[in-house]
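This report concerns only the one structure given below.
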Amino acid sequence: MLHFLDRFSLKTRLLVALGMPLVAIVWMTTMSALSRYRGVSELQEVERFSRLTIQAADLAFHLQYERGASLGYLGGGEDFSSDRLSAARANTDQHLSQFLAYRDLNFPTDSQEPRSAQDGSEEADAASVRYVLTDIARNLRRLSDIRQRIDDFTSSDQEALDYFSRINLQLSSLSTRNIHNVQYADIALQFAALHALTMYRELAGQERGRISYILSDGIITADSWTELLELWAKQRTYYTVFLEFADTEHGEQLQALVHGQRHQDITRLRQILSEHVVAIDSPLPTGILPTAEEWFSRQSDYISQLKVAEDNLAAAILSQTINKRKAASFELWHYLVISPLSILTALILLYLITRSLYLRLKLADIIFNHTHDGIMVTDHQANIIDTNQAFTQITNFTREEVEGKNPRILHSGIQQPDFYKKLWQQLLTTGTWKGEVWNRRKDGELYAELLTISAVHDNSGKPTNYVAIFSDVTEQVMMKQRLVHQATHDMLTGLGNRALFSDRLAHDVEQANRTEKGLAVLFIDLDEFKPINDSLGHRIGDQLLISVANRLQQDLRAGDTLARLGGDEFVLLLTELGHPGEAEEIATRLLALLNKAHKIGKYEFHVSASIGIAIHHAGIKDPGELLQHADMAMYKAKQQGRNTYQFYTDNLDSKLSQRIRMRGELQEAIELGQLSLHYQPMMNGQGEAEGLEALVRWHHPEKGLISPATFIPMAEETGQIIPLSQWVMRQACLDARELAEKRLLKGRVAINLSPLQFHRPDFLNTLRSVLEETKLPTKHLELELTEGILMRDTDGAIDTLLTLNSMGVKTSIDDFGTGFSSLSYLRSLPIDKIKIDRSFVDSAMGDYKSAAICHTIITLCKHLDLKVVAEGIETEEQHDYFEQLGCGVFQGFLFAKPMPLGSLLTWLKHNSRPVSSSR
C-alpha cells in the first residue's frame, strides 16, 4: 500500500489525506443540521401543545365552578343562589367559545375516527390527542341538555357530578399527552407537575360540589361520605406528586396555599364533618357547619388561588418552551450559515496548507542550520546522522567528523557512568530528558551545556531517532557558582558566613549524635576592636580582620569550620573531639596567635579576644542552641577582663534568662506606667530644703519594689536608659512646676543624667522641648552628672555644659571622688555644685584618709565658689562633723527619706517656709 502511494506526488497525497476528512466533515455537518431541524420542530409542537393545555385548563376551571354551583343548586334548591349558577354558566360559555375558536385545535367531526397507529410512535401520540379532543367535543354537545335537567331538578347530583367531572378529567388529561415524547427532561417534569396540580384542583372542585350539595341537602349519605374520603385521599396523592416534579419556586407557592388561611378553614370543616357524622343518612348538626353558600364561597376562593398557581406554572412552561425554541431556531440558522462558511474555509485551508508545506520544510531547514543552539540527530542506535552549524561552533567538530559516531566522543569524564544510566532510563521511559552536562570540545576544553534530548517514535511507539538540542551555558554556570559562594561566604575574609556555618553545624551535630564523638563551638569576639575601626577608619579595620582570619586558620584541623558572623565576631566549629580539654587547648593557642603583632601598613596591632566555649551534649536538641551558649560564654569572658575564654554552664544560661526577662519587664514598666518618682530634700544649715533630688522607682506588679541599682545598669547596657531618662525628665519637670506654682519649691529639682542621654546629639533639643511642654522655668532645674560623662568626649561635654549654663540650667557633679577626678574641669567648667559620695561620708569619722579627702574637697570648693553637698547623712554626729568642716548642704535619711510627690507636698508644708511671690 505504501509503495502504491509513493507513485503519486506529495501534493496529490496531501490532497487525498486532507480531502477525506473534508468529506467526513460535510457529511457530519448535514446530519447535524437535520438533527437541529428536528429539535426545532419538536419544540414548536411542544409550544402548540402548551398553549392548548392553557386553554383547556381555563375551560376546566370554569366548568368546575359551574359544577359546584350546580350541585349546590340541586342540593338546596331555591336556598342556593340561582344568580351564582347563572354567572357560572355565563363564564363557562365565554371560555368554551374561546376554546373552540382556538385556531390550532382543528377539531375532528363526529364521523371522524382517530387513525390507529403503532403504540409509542409519534402518530399514535397525535391520534391519542385527537381522540381526546373528539370525546371532549362530543361531551360538550350535551352541556345544554344537562343544564336543562338541572334547572328542572330532573338530574341527580351524581349524574351532574359525573358529567362535569368526566369533561374536566378529559381536559386535564391533555397535559399528560406527549410528555414521554418531549426530549427536554426539564419541560417533561414541569408538564408532569402541571398535570398533578390540575388534578389536585379538579379534586378540590369535586369536593366543593359534593360538600355544597351535602350542606344544601342537610343529609350525608354513605356513598357521599365514601366519595369524600376518596377525594381527600386523591388530593393528598396528587399534592405529593406535584411537589416531587415541580421546581422549587412553584412547589413553595403551592405549599404556601396549603398552609394558608383558606385551606385551614377547609381542613377545619373536614374535621367537623369527621367528628359529627355519627350516623349515615341522618341530619347534619346545626350551628357548627357553614351554609352551602359560605362553603362554596370559601372553597371557590381557594380553587381560584390554585388556578393562579396553575396559570403561573403553565406560563413558565410556555415561556421556557418559547425560549428553547427561539434558541434552537437561532442555533439552526446560525449553523446553516456557518457550516457552508466552515466548509469553504476548510477548502481554502487545504489549499493554503498544501501550498505552505514546502515553505515550512524550507523554513525548518533554515532554522536547523542557523539557530544558535546546537542540534544533533541520531538514529535509534544513538549513531549521529546529522548536526547543524551551531554544533560545530560549540564543539569544534564538523558534521563529517562526527557522522556515524556515538555522542560519547564529547564526554568529559566529569559525569560518572551512573549518571548516563539514569539519563537513558528516563529517556526510554518518558521520551525526554533535560539537564546540565559538562562535555569536552575537540581541543579538550571543558564546557557546560544545557541539554534537552527528545525521542522520535514511529506509529508503533518504537523510537526511530533521538534529537539533542543544547546551548553553551559555561559562563552562566560559572556565575551561578560565584553567586553560591557569595551567598555562603564572607566577602571580606573569604571565610564561611552564618548561613554556611548553620548548615555545617546542623550536619556535624547530627553526625556527632550518631558517632557519639565530641563537638564544640568557639565564639570569638575581638576585644576593643571598635576604637581601632572608629579612629583609623574602616579600611584599616578591614585589613586587621583579614589578618585575624588568616591567623585563626593557621591552627585549624581537618573537618573544623571557621566562619565570620559579622563585625569582629568569628565562630569555630570543632568536630571529633576526644574530650572537652581539646577545645580548651585550641582556645589557648588561638589567644596566643592573636596576641602576636599584626602589621597593617604603618600600624602594628596587638589584638586580644574573648572566647566562649559550648560543648555539645545529648540534651541539646536544636543545633542553634550551641551557638547561643557559646555567645553567652563569650560575654562571660568579657566580664572576666577579656583576653580569656569561658565555658558555658547552665547557671550562666539561668542568669542571662533572668536578665532578658527583666529587660522585657522594664520595657513594660516604661510603657504601662509602673515607674514613679520619689524626691529627697537637700537641707541647708538653717534646716530648710534648698533643693530636691528626683529618684526613679520601679513598682513591679508581682515582685514589688525593684532597686534602681538592679535595673539602671541594665538599662544603660540595653539602651532602655534613653526612654527611661526621657520619662524621668518630663515627669520631674511637671512635678517641679506644680511645686513652684504652690510656692513650695525653694531652689531646684536635680535630675540624674545618663552618659548615653547626655552625649546624644539631640539631648539639648529634647531638653528644650520638655521645658517648653511642661512650662517649667529653668531656674528650678538642675542636672546631675557623673565624672565619667566629662571624661568621654571632653570637648563636646564642655560645649553642652556651656549651652546649659546659658539656658539658666545649673549642673552638679554627683559621686565626686569615686571616678577619675580631674581638678582642671572644676576650674574651667560652669559647674555649680559638688556632691561628696556617701562612701566618703560613711567612713570619714573613722578613717583619717577619708576625712582628709572630705576636708580637701570642701576647702577646694569654698575657694572655687562651689556649693558642697554631703550625701548619705544618717546621724547627728555625721551632720555636726561635716558642718564643722564647712559643708553647707546635707542630704540623707537624717532629714527625710525619698518620698512620692504627695508625701513631699505634706512634708514641705510642715518643714519649710513658703517661697515669697516676689521671687
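Scheme for the C-alpha cells: letters A, B, ... for chains in order shown; per-chain residue numbers from 1; ligand numbers from 1 in order shown.
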### Task
Just the residues within 12 Å of region 704-716 of chain A, please, counting only C-alpha atoms, with nothing from its chain fewer than 5 positions along; format it as an MDAnalysis selection string.
chainID A and resid 656 658:667 669:670 674:678 695:699 721:725 752:757
### Query
Residues at most 12 Å from Gly209 (chain A), counting only C-alpha atoms, excluding those fewer than 4 positions away in the same chain, as number ranges by chain?
A: 63-76, 157-158, 160-162, 164-165, 202-205, 213-216, 224, 227-228, 231, 292-293, 295-297, 299-300, 303
### Task
If you run DSSP over the backbone, which residues in region 475-522 of chain A end up helix (DSSP H, G or I)? Put them as an MDAnalysis selection string.
chainID A and resid 475:488 498:515
Got time to write the residues from that selection, N, CA and C atoms, as an mmCIF file, in the first residue's frame?
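Saved to selection_39.cif:
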```cif
data_model
loop_
_atom_site.group_PDB
_atom_site.id
_atom_site.type_symbol
_atom_site.label_atom_id
_atom_site.label_comp_id
_atom_site.auth_asym_id
_atom_site.auth_seq_id
_atom_site.Cartn_x
_atom_site.Cartn_y
_atom_site.Cartn_z
ATOM 1 N N GLU A 475 29.433 30.194 30.898
ATOM 2 C CA GLU A 475 29.532 31.464 31.618
ATOM 3 C C GLU A 475 28.460 31.571 32.694
ATOM 4 N N GLN A 476 27.220 31.150 32.387
ATOM 5 C CA GLN A 476 26.148 31.211 33.378
ATOM 6 C C GLN A 476 26.418 30.292 34.563
ATOM 7 N N VAL A 477 26.962 29.087 34.279
ATOM 8 C CA VAL A 477 27.256 28.151 35.366
ATOM 9 C C VAL A 477 28.335 28.709 36.281
ATOM 10 N N MET A 478 29.369 29.303 35.678
ATOM 11 C CA MET A 478 30.432 29.881 36.493
ATOM 12 C C MET A 478 29.888 31.028 37.348
ATOM 13 N N MET A 479 29.020 31.852 36.754
ATOM 14 C CA MET A 479 28.401 32.943 37.513
ATOM 15 C C MET A 479 27.566 32.393 38.664
ATOM 16 N N LYS A 480 26.817 31.327 38.400
ATOM 17 C CA LYS A 480 25.999 30.717 39.440
ATOM 18 C C LYS A 480 26.856 30.200 40.583
ATOM 19 N N GLN A 481 28.001 29.587 40.238
ATOM 20 C CA GLN A 481 28.898 29.096 41.282
ATOM 21 C C GLN A 481 29.451 30.244 42.118
ATOM 22 N N ARG A 482 29.745 31.366 41.423
ATOM 23 C CA ARG A 482 30.233 32.525 42.181
ATOM 24 C C ARG A 482 29.147 33.072 43.110
ATOM 25 N N LEU A 483 27.915 33.095 42.626
ATOM 26 C CA LEU A 483 26.813 33.597 43.462
ATOM 27 C C LEU A 483 26.577 32.689 44.658
ATOM 28 N N VAL A 484 26.675 31.375 44.423
ATOM 29 C CA VAL A 484 26.512 30.435 45.539
ATOM 30 C C VAL A 484 27.608 30.641 46.574
ATOM 31 N N HIS A 485 28.832 30.878 46.095
ATOM 32 C CA HIS A 485 29.941 31.115 47.024
ATOM 33 C C HIS A 485 29.715 32.401 47.807
ATOM 34 N N GLN A 486 29.231 33.434 47.124
ATOM 35 C CA GLN A 486 28.977 34.692 47.813
ATOM 36 C C GLN A 486 27.860 34.551 48.840
ATOM 37 N N ALA A 487 26.897 33.696 48.547
ATOM 38 C CA ALA A 487 25.778 33.524 49.474
ATOM 39 C C ALA A 487 26.184 32.772 50.730
ATOM 40 N N THR A 488 27.282 32.022 50.653
ATOM 41 C CA THR A 488 27.676 31.200 51.801
ATOM 42 C C THR A 488 29.027 31.610 52.389
ATOM 43 N N ARG A 498 27.324 33.085 58.206
ATOM 44 C CA ARG A 498 26.397 32.470 59.152
ATOM 45 C C ARG A 498 25.597 31.341 58.505
ATOM 46 N N ALA A 499 25.163 31.542 57.238
ATOM 47 C CA ALA A 499 24.367 30.510 56.569
ATOM 48 C C ALA A 499 25.164 29.219 56.428
ATOM 49 N N LEU A 500 26.421 29.326 55.966
ATOM 50 C CA LEU A 500 27.248 28.138 55.812
ATOM 51 C C LEU A 500 27.527 27.494 57.161
ATOM 52 N N PHE A 501 27.811 28.318 58.171
ATOM 53 C CA PHE A 501 28.109 27.767 59.493
ATOM 54 C C PHE A 501 26.896 27.030 60.061
ATOM 55 N N SER A 502 25.701 27.606 59.892
ATOM 56 C CA SER A 502 24.489 26.966 60.418
ATOM 57 C C SER A 502 24.266 25.622 59.745
ATOM 58 N N ASP A 503 24.523 25.557 58.427
ATOM 59 C CA ASP A 503 24.361 24.299 57.709
ATOM 60 C C ASP A 503 25.370 23.259 58.185
ATOM 61 N N ARG A 504 26.644 23.671 58.320
ATOM 62 C CA ARG A 504 27.676 22.743 58.805
ATOM 63 C C ARG A 504 27.374 22.306 60.245
ATOM 64 N N LEU A 505 26.904 23.247 61.066
ATOM 65 C CA LEU A 505 26.617 22.926 62.469
ATOM 66 C C LEU A 505 25.525 21.869 62.553
ATOM 67 N N ALA A 506 24.439 22.051 61.781
ATOM 68 C CA ALA A 506 23.352 21.071 61.804
ATOM 69 C C ALA A 506 23.849 19.702 61.353
ATOM 70 N N HIS A 507 24.681 19.679 60.292
ATOM 71 C CA HIS A 507 25.210 18.406 59.790
ATOM 72 C C HIS A 507 26.124 17.739 60.815
ATOM 73 N N ASP A 508 27.041 18.523 61.391
ATOM 74 C CA ASP A 508 28.019 17.937 62.308
ATOM 75 C C ASP A 508 27.380 17.505 63.627
ATOM 76 N N VAL A 509 26.343 18.221 64.075
ATOM 77 C CA VAL A 509 25.641 17.801 65.295
ATOM 78 C C VAL A 509 24.940 16.469 65.059
ATOM 79 N N GLU A 510 24.306 16.335 63.895
ATOM 80 C CA GLU A 510 23.642 15.071 63.578
ATOM 81 C C GLU A 510 24.653 13.924 63.514
ATOM 82 N N GLN A 511 25.811 14.190 62.907
ATOM 83 C CA GLN A 511 26.842 13.161 62.816
ATOM 84 C C GLN A 511 27.413 12.837 64.201
ATOM 85 N N ALA A 512 27.584 13.860 65.029
ATOM 86 C CA ALA A 512 28.098 13.625 66.377
ATOM 87 C C ALA A 512 27.135 12.791 67.201
ATOM 88 N N ASN A 513 25.834 12.986 66.992
ATOM 89 C CA ASN A 513 24.850 12.183 67.709
ATOM 90 C C ASN A 513 24.931 10.723 67.301
ATOM 91 N N ARG A 514 25.284 10.471 66.033
ATOM 92 C CA ARG A 514 25.387 9.087 65.569
ATOM 93 C C ARG A 514 26.684 8.439 66.039
ATOM 94 N N THR A 515 27.787 9.189 65.942
ATOM 95 C CA THR A 515 29.097 8.601 66.256
ATOM 96 C C THR A 515 29.489 8.741 67.723
#
```
### Task
Name the closest residue to Gln891 (chain A) among the candidates A:Leu744, A:Ile367, A:Leu34, A:Met683; distances are taken between atoms, counting only C-alpha atoms.
A:Met683
At most 9 Å is the cut-off: for each residue in region 556-596 of chain A with any atom that close to an atom of region 609-625 of chain A, write down the nearest atom pair and the distance in Å rounded to one decimal, counting only C-alpha atoms, chain first then increasing number, as a tab-separated table.
```
residue	atom	partner	partner_atom	distance
A:Pro580	CA	A:Ile615	CA	7.0
A:Ala583	CA	A:Ile613	CA	7.5
A:Glu584	CA	A:Ile613	CA	8.0
A:Ala587	CA	A:Ile611	CA	7.1
A:Leu590	CA	A:Ala609	CA	8.9
A:Leu591	CA	A:Ala609	CA	6.6
A:Leu594	CA	A:Ala609	CA	7.5
A:Asn595	CA	A:Ala609	CA	8.5
```
Create the file for the chosen residues now, containing all heavy atoms and written as a compact mmCIF listing (two decimals), in the first residue's frame.
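Below is the file that was written, out.txt:
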```
# COMPACT_ATOMS: atom_id res chain seq x y z
N PRO A 580 36.62 17.44 76.33
CA PRO A 580 36.45 18.90 76.30
C PRO A 580 37.76 19.65 76.44
O PRO A 580 37.87 20.81 76.01
CB PRO A 580 35.52 19.17 77.49
CG PRO A 580 34.78 17.89 77.69
CD PRO A 580 35.75 16.81 77.33
N ALA A 583 39.17 21.39 73.29
CA ALA A 583 38.63 22.71 72.95
C ALA A 583 39.33 23.79 73.75
O ALA A 583 39.63 24.88 73.24
CB ALA A 583 37.13 22.75 73.22
N GLU A 584 39.64 23.52 75.01
CA GLU A 584 40.34 24.49 75.84
C GLU A 584 41.75 24.72 75.32
O GLU A 584 42.23 25.86 75.27
CB GLU A 584 40.36 23.98 77.28
CG GLU A 584 40.94 24.96 78.28
CD GLU A 584 40.82 24.46 79.70
OE1 GLU A 584 40.39 23.30 79.89
OE2 GLU A 584 41.16 25.22 80.62
N ALA A 587 41.53 26.89 72.21
CA ALA A 587 41.24 28.28 72.58
C ALA A 587 42.49 28.98 73.09
O ALA A 587 42.75 30.15 72.77
CB ALA A 587 40.13 28.32 73.63
N LEU A 590 44.71 29.79 70.14
CA LEU A 590 44.16 30.89 69.34
C LEU A 590 44.43 32.24 69.99
O LEU A 590 44.77 33.22 69.31
CB LEU A 590 42.64 30.69 69.15
CG LEU A 590 42.22 29.52 68.26
CD1 LEU A 590 40.70 29.42 68.21
CD2 LEU A 590 42.77 29.68 66.84
N LEU A 591 44.29 32.30 71.31
CA LEU A 591 44.57 33.57 72.01
C LEU A 591 46.03 33.96 71.83
O LEU A 591 46.35 35.15 71.64
CB LEU A 591 44.22 33.44 73.50
CG LEU A 591 42.73 33.33 73.83
CD1 LEU A 591 42.54 33.07 75.32
CD2 LEU A 591 41.99 34.60 73.42
N LEU A 594 46.57 35.26 68.23
CA LEU A 594 46.01 36.59 68.02
C LEU A 594 46.84 37.66 68.70
O LEU A 594 46.91 38.80 68.23
CB LEU A 594 44.56 36.65 68.52
CG LEU A 594 43.53 35.83 67.72
CD1 LEU A 594 42.16 35.90 68.37
CD2 LEU A 594 43.44 36.33 66.28
N ASN A 595 47.50 37.33 69.83
CA ASN A 595 48.27 38.33 70.57
C ASN A 595 49.56 38.74 69.85
O ASN A 595 50.13 39.80 70.15
CB ASN A 595 48.62 37.80 71.96
CG ASN A 595 47.42 37.89 72.90
OD1 ASN A 595 46.59 38.77 72.75
ND2 ASN A 595 47.33 36.97 73.84
```
